[in-house]
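Student: So I've got this file, data26.tsv, and it contains TSV, C-alpha atoms:
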```tsv
chain	number	residue	atom	x	y	z
A	1	MET	CA	0.00	0.00	0.00
A	2	ARG	CA	1.11	3.52	-0.83
A	3	GLU	CA	-0.12	6.66	0.89
A	4	LEU	CA	-1.90	9.13	-1.40
A	5	GLU	CA	-2.75	12.79	-1.14
A	6	ILE	CA	-5.44	14.72	-2.96
A	7	VAL	CA	-4.13	17.11	-5.57
A	8	GLY	CA	-7.62	18.35	-6.36
A	9	VAL	CA	-10.85	18.07	-8.28
A	10	ARG	CA	-11.16	19.13	-11.90
A	11	ILE	CA	-13.43	18.89	-14.90
A	12	GLU	CA	-11.94	16.91	-17.77
A	13	LEU	CA	-12.64	18.53	-21.12
A	14	PRO	CA	-14.22	18.04	-23.61
A	15	SER	CA	-16.35	15.42	-21.83
A	16	ASN	CA	-17.08	17.69	-18.81
A	17	GLN	CA	-16.51	14.63	-16.61
A	18	PRO	CA	-15.32	15.42	-13.07
A	19	LEU	CA	-12.27	13.66	-11.68
A	20	ILE	CA	-10.22	13.65	-8.53
A	21	LEU	CA	-6.49	13.66	-9.00
A	22	LEU	CA	-4.58	11.77	-6.35
A	23	LYS	CA	-0.78	11.51	-6.01
A	24	GLU	CA	1.41	9.08	-4.14
A	25	VAL	CA	3.07	10.91	-1.24
A	26	ASP	CA	6.52	9.38	-1.70
A	27	GLY	CA	6.51	8.82	-5.44
A	28	PRO	CA	5.91	10.38	-8.84
A	29	ARG	CA	2.67	8.69	-9.87
A	30	HIS	CA	-0.72	10.35	-10.05
A	31	LEU	CA	-4.00	8.48	-9.98
A	32	PRO	CA	-6.87	10.12	-11.90
A	33	VAL	CA	-10.26	8.79	-10.80
A	34	TRP	CA	-13.34	9.83	-12.77
A	35	ILE	CA	-16.31	10.44	-10.49
A	36	GLY	CA	-19.87	11.71	-10.53
A	37	ALA	CA	-20.79	15.39	-10.30
A	38	PRO	CA	-22.44	15.17	-6.83
A	39	GLU	CA	-19.37	13.46	-5.36
A	40	ALA	CA	-17.07	15.97	-7.05
A	41	ALA	CA	-19.08	18.83	-5.53
A	42	SER	CA	-18.92	17.18	-2.10
A	43	ILE	CA	-15.14	16.71	-2.33
A	44	ALA	CA	-14.55	20.23	-3.68
A	45	THR	CA	-16.72	21.73	-0.93
A	46	SER	CA	-14.74	19.89	1.72
A	47	LEU	CA	-11.40	20.86	0.16
A	48	GLN	CA	-12.49	24.50	0.25
A	49	GLY	CA	-13.44	24.23	3.91
A	50	ILE	CA	-17.08	25.05	3.26
A	51	THR	CA	-19.53	23.75	5.85
A	52	PRO	CA	-23.08	23.45	4.53
A	53	PRO	CA	-25.90	24.73	6.75
A	54	ARG	CA	-27.30	21.19	6.97
A	55	PRO	CA	-25.25	18.00	6.77
A	56	MET	CA	-24.79	16.48	3.34
A	57	THR	CA	-24.65	12.69	2.93
A	58	HIS	CA	-20.91	12.39	3.59
A	59	ASP	CA	-21.19	14.68	6.63
A	60	LEU	CA	-24.05	12.53	7.90
A	61	LEU	CA	-22.06	9.31	7.52
A	62	ALA	CA	-19.09	10.84	9.36
A	63	SER	CA	-21.46	11.85	12.18
A	64	VAL	CA	-23.02	8.37	12.32
A	65	ILE	CA	-19.57	6.75	12.58
A	66	ASP	CA	-18.69	9.14	15.40
A	67	ALA	CA	-22.05	8.64	17.18
A	68	ALA	CA	-21.49	4.87	17.07
A	69	GLY	CA	-18.25	5.40	18.99
A	70	LEU	CA	-16.10	4.44	16.02
A	71	VAL	CA	-13.30	6.12	14.11
A	72	LEU	CA	-12.54	5.88	10.42
A	73	THR	CA	-8.94	4.72	10.70
A	74	GLY	CA	-8.21	4.66	6.99
A	75	VAL	CA	-9.41	4.44	3.43
A	76	SER	CA	-7.84	2.13	0.86
A	77	ILE	CA	-8.23	1.97	-2.89
A	78	VAL	CA	-7.96	-1.78	-3.31
A	79	ALA	CA	-8.72	-2.59	-6.95
A	80	VAL	CA	-9.41	-1.26	-10.41
A	81	GLU	CA	-11.34	-3.23	-13.03
A	82	ASP	CA	-12.35	-1.81	-16.40
A	83	ALA	CA	-11.54	1.73	-15.18
A	84	VAL	CA	-13.80	1.28	-12.12
A	85	PHE	CA	-12.03	1.81	-8.79
A	86	TYR	CA	-12.96	-0.06	-5.62
A	87	ALA	CA	-12.29	1.24	-2.12
A	88	ARG	CA	-12.61	0.04	1.43
A	89	LEU	CA	-13.30	1.94	4.66
A	90	HIS	CA	-11.38	0.73	7.72
A	91	LEU	CA	-13.11	1.27	11.07
A	92	SER	CA	-11.62	1.27	14.56
A	93	ASN	CA	-13.52	-1.89	15.53
A	94	GLY	CA	-11.72	-3.83	12.79
A	95	ALA	CA	-14.65	-3.78	10.38
A	96	GLU	CA	-14.02	-3.10	6.71
A	97	VAL	CA	-16.75	-1.69	4.47
A	98	ASP	CA	-16.70	-1.68	0.67
A	99	ALA	CA	-17.24	1.77	-0.84
A	100	ARG	CA	-17.07	3.70	-4.06
A	101	THR	CA	-13.74	5.50	-4.22
A	102	SER	CA	-15.40	8.90	-4.56
A	103	ASP	CA	-17.48	8.35	-1.41
A	104	ALA	CA	-14.47	7.01	0.48
A	105	VAL	CA	-12.41	10.09	-0.43
A	106	ALA	CA	-15.24	12.45	0.52
A	107	LEU	CA	-15.55	10.70	3.88
A	108	MET	CA	-11.80	10.64	4.59
A	109	LEU	CA	-11.65	14.39	3.96
A	110	ARG	CA	-14.25	14.92	6.67
A	111	THR	CA	-12.56	12.65	9.20
A	112	GLY	CA	-8.86	13.18	8.55
A	113	ALA	CA	-8.27	9.47	7.95
A	114	PRO	CA	-5.29	8.49	5.80
A	115	LEU	CA	-5.75	7.46	2.16
A	116	ASN	CA	-3.81	4.48	0.82
A	117	CYS	CA	-3.74	2.65	-2.48
A	118	ALA	CA	-2.74	-0.89	-3.40
A	119	ASP	CA	0.52	-1.07	-5.34
A	120	ALA	CA	-1.23	-3.10	-8.06
A	121	VAL	CA	-3.74	-0.27	-8.62
A	122	LEU	CA	-0.97	2.32	-9.00
A	123	ASP	CA	0.93	-0.05	-11.28
A	124	GLU	CA	-2.12	-0.42	-13.53
A	125	ALA	CA	-3.76	3.01	-13.42
A	126	GLY	CA	-1.10	5.39	-12.11
A	127	VAL	CA	0.45	7.89	-14.51
A	128	ILE	CA	3.32	10.31	-14.42
A	129	ILE	CA	1.99	13.62	-15.68
A	130	GLY	CA	4.11	15.24	-18.38
A	131	ASP	CA	3.75	17.85	-21.12
A	132	GLY	CA	0.65	17.61	-23.26
A	133	GLY	CA	-0.90	14.91	-21.06
A	134	GLN	CA	1.72	12.38	-22.15
A	135	GLU	CA	2.81	9.78	-19.65
A	136	GLU	CA	6.51	10.23	-18.92
A	137	ARG	CA	9.03	10.56	-16.15
A	138	ALA	CA	9.30	14.13	-14.90
A	139	GLU	CA	12.07	15.70	-12.89
A	140	PRO	CA	10.97	16.46	-9.31
A	141	GLU	CA	11.17	20.22	-9.92
A	142	GLU	CA	9.05	19.93	-13.06
A	143	ALA	CA	6.52	17.74	-11.30
A	144	GLU	CA	6.19	20.22	-8.44
A	145	ALA	CA	5.71	23.08	-10.92
A	146	GLN	CA	2.97	21.10	-12.67
A	147	VAL	CA	1.25	20.33	-9.38
A	148	ARG	CA	1.51	24.00	-8.38
A	149	GLU	CA	-0.06	25.04	-11.71
A	150	PHE	CA	-2.84	22.49	-11.27
A	151	ARG	CA	-3.53	23.72	-7.72
A	152	GLU	CA	-3.82	27.29	-9.02
A	153	PHE	CA	-6.40	26.02	-11.51
A	154	LEU	CA	-8.30	24.34	-8.68
A	155	ASP	CA	-8.35	27.55	-6.65
A	156	ASP	CA	-10.70	29.02	-9.27
A	157	ILE	CA	-13.19	26.13	-9.20
A	158	GLU	CA	-16.45	26.64	-7.37
A	159	PRO	CA	-18.94	23.91	-6.35
A	160	GLU	CA	-21.41	25.43	-8.84
A	161	ASP	CA	-19.04	24.39	-11.66
A	162	PHE	CA	-20.12	20.78	-11.05
A	163	ARG	CA	-23.83	21.33	-11.68
```
Would you write out, as C-alpha cells, the structure that this file holds?
Tutor:
Amino acid sequence: MRELEIVGVRIELPSNQPLILLKEVDGPRHLPVWIGAPEAASIATSLQGITPPRPMTHDLLASVIDAAGLVLTGVSIVAVEDAVFYARLHLSNGAEVDARTSDAVALMLRTGAPLNCADAVLDEAGVIIGDGGQEERAEPEEAEAQVREFREFLDDIEPEDFR
C-alpha cells in the first residue's frame, strides 16, 4: 500500500466529466479517478473548507460513525477493473466496508483518515503527468511546478461548476 494525497478536483474537457487527482506521497505517480458530479461537488466543498448549513450525505455518515463510537482509521483503494475503482473503509472496531472510491475520499476528507492505495492499482492506473498529457518521467522540480499550476487552476473552481 502507498499513501496518497489529494491534488484536487477538476473537470476533464471536452467530456465535462469530473475527476479527482490523487498523487502518491513518496513517489511520482498520479491516480486520476473519474467520479460523478455530486461526489465531485462534495469533495470540492470539503477541500475549500465550506460547511453546509445542513449535513450532506458524507457529513451525515461521518457523524453516524462518530455517534457509534467508532473512528474511520483509513481508506484504501484496493482494486481497479475496467476503469472502475474499488475502495474500502477501515473502522476502529476492525470492520471493513466496501465503498465507491469517490465516497471514500469524501468521507476521509471529513474525518482526517489516511488514504492508501494498493501497489497493483498504482501499477495499472497510475500515470506520471508530463507535457501535453503524455505519460513520462518528470524531474521532481518539473513535477512540483505542474502540481503548483494544477492547484492554481483548482483555486478558481467553485462547487457550482459541477452542476
Student: Of the candidates A:Leu13, A:Ala83, A:Leu72, A:Val105, which shows the shortest atom-to-atom distance to Ala44 (chain A), using only C-alpha atoms?
Tutor: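 Answer, going by the shortest atom-to-atom distance: A:Val105.
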Student: Given the point (-1.7, 15.4, -10.6) in the coordinates of this file, which residues lie within 7 Å, counting all atoms listed in the file, and how would they look as a short mmCIF file (atom, residue, chain, number, x, y, z; two decimals) with C-alpha atoms, keeping the file's coordinate frame?
Tutor:
```cif
data_model
loop_
_atom_site.label_atom_id
_atom_site.label_comp_id
_atom_site.auth_asym_id
_atom_site.auth_seq_id
_atom_site.Cartn_x
_atom_site.Cartn_y
_atom_site.Cartn_z
CA VAL A 7 -4.13 17.11 -5.57
CA LEU A 21 -6.49 13.66 -9.00
CA LEU A 22 -4.58 11.77 -6.35
CA LYS A 23 -0.78 11.51 -6.01
CA HIS A 30 -0.72 10.35 -10.05
CA ILE A 129 1.99 13.62 -15.68
CA VAL A 147 1.25 20.33 -9.38
#
```
Student: So what do you get for CA of Glu124 (chain A) versus CA of Pro32 (chain A), distance-wise?
Tutor: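 The value is 11.7 Å.
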Student: Quick one: pull the distance between CA of Asp26 (chain A) and CA of Ser76 (chain A), Å, one decimal.
Tutor: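 Here the two named atoms are 16.3 Å from each other.
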Student: Edge lengths and centre in Å to one decimal, as JSON, is what I'm after for the box along x, y and z that holds all listed atoms of region 28-35 of chain A once 5 Å is added on each side.
Tutor:
```
{"center_x": -5.2, "center_y": 9.5, "center_z": -10.8, "size_x": 32.2, "size_y": 12.0, "size_z": 13.9}
```
Student: Which residues come within 10 Å of Val84 (chain A), counting only C-alpha atoms, excluding same-chain residues fewer than 6 positions away, as a ChimeraX atom specification?
Tutor: /A:33-35,100-101
Student: From the list A:Val78, A:Ile65, A:Leu109, A:Leu4, which residue is nearest Leu47 (chain A) when using only C-alpha atoms?
Tutor: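 Closest to Leu47 (chain A) of all the choices is A:Leu109.
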Student: Taking into account only C-alpha atoms, which residue in the set A:Thr111, A:Gln48, A:Asn16, A:Ser63 is nearest to Leu89 (chain A)?
Tutor: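 Closest to Leu89 (chain A), using only C-alpha atoms: A:Thr111.
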Student: Find the residues near Glu3 (chain A): any atom within 9 Å, counting only C-alpha atoms, skip ones fewer than 2 places away on the same chain, and give them as a ChimeraX atom specification.
Tutor: /A:1,5,23-26,76,114-117
Student: Keeping C-alpha atoms for every residue in the selection just given, could you write it to a file as a tab-separated table (two decimals), in the coordinates of the input?
Tutor:
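Below you can see part-v1.tsv, which holds the result:
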```tsv
chain	number	residue	atom	x	y	z
A	1	MET	CA	0.00	0.00	0.00
A	5	GLU	CA	-2.75	12.79	-1.14
A	23	LYS	CA	-0.78	11.51	-6.01
A	24	GLU	CA	1.41	9.08	-4.14
A	25	VAL	CA	3.07	10.91	-1.24
A	26	ASP	CA	6.52	9.38	-1.70
A	76	SER	CA	-7.84	2.13	0.86
A	114	PRO	CA	-5.29	8.49	5.80
A	115	LEU	CA	-5.75	7.46	2.16
A	116	ASN	CA	-3.81	4.48	0.82
A	117	CYS	CA	-3.74	2.65	-2.48
```
Student: Give me, as JSON, numbers by chain, all polymer residues having an atom no more than 7 Å from Gly126 (chain A), counting all atoms listed in the file and skipping those fewer than 3 positions away in the same chain.
Tutor: {"A": [29, 30, 31, 122, 123]}
Student: If I take CA of Leu61 (chain A) and CA of Ala120 (chain A), how far is one from the other in Å, to one decimal?
Tutor: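 Calculated distance between CA of Leu61 (chain A) and CA of Ala120 (chain A) is 28.8 Å.
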Student: Using all atoms listed in the file for the distances, tell me which of A:Val80, A:Leu91, A:Leu107, A:Val64 is nearest to Ala125 (chain A).
Tutor: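 Looking at the shortest contact to Ala125 (chain A), the residue is A:Val80.
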Student: Compare A:Leu70, A:Ala87, A:Ile77, A:Leu60 by their minimum atom-to-atom distance to Arg110 (chain A), counting all atoms listed in the file, and give me the closest one.
Tutor: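 Among A:Leu70, A:Ala87, A:Ile77, A:Leu60, it is A:Leu60 that comes nearest to Arg110 (chain A).
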Student: Counting all atoms listed in the file, which of A:Ala106, A:Ala62, A:Ala95, A:Ala68 gets nearest to Ile43 (chain A)?
Tutor: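 Going through A:Ala106, A:Ala62, A:Ala95, A:Ala68 one by one, the smallest distance to Ile43 (chain A) is for A:Ala106.
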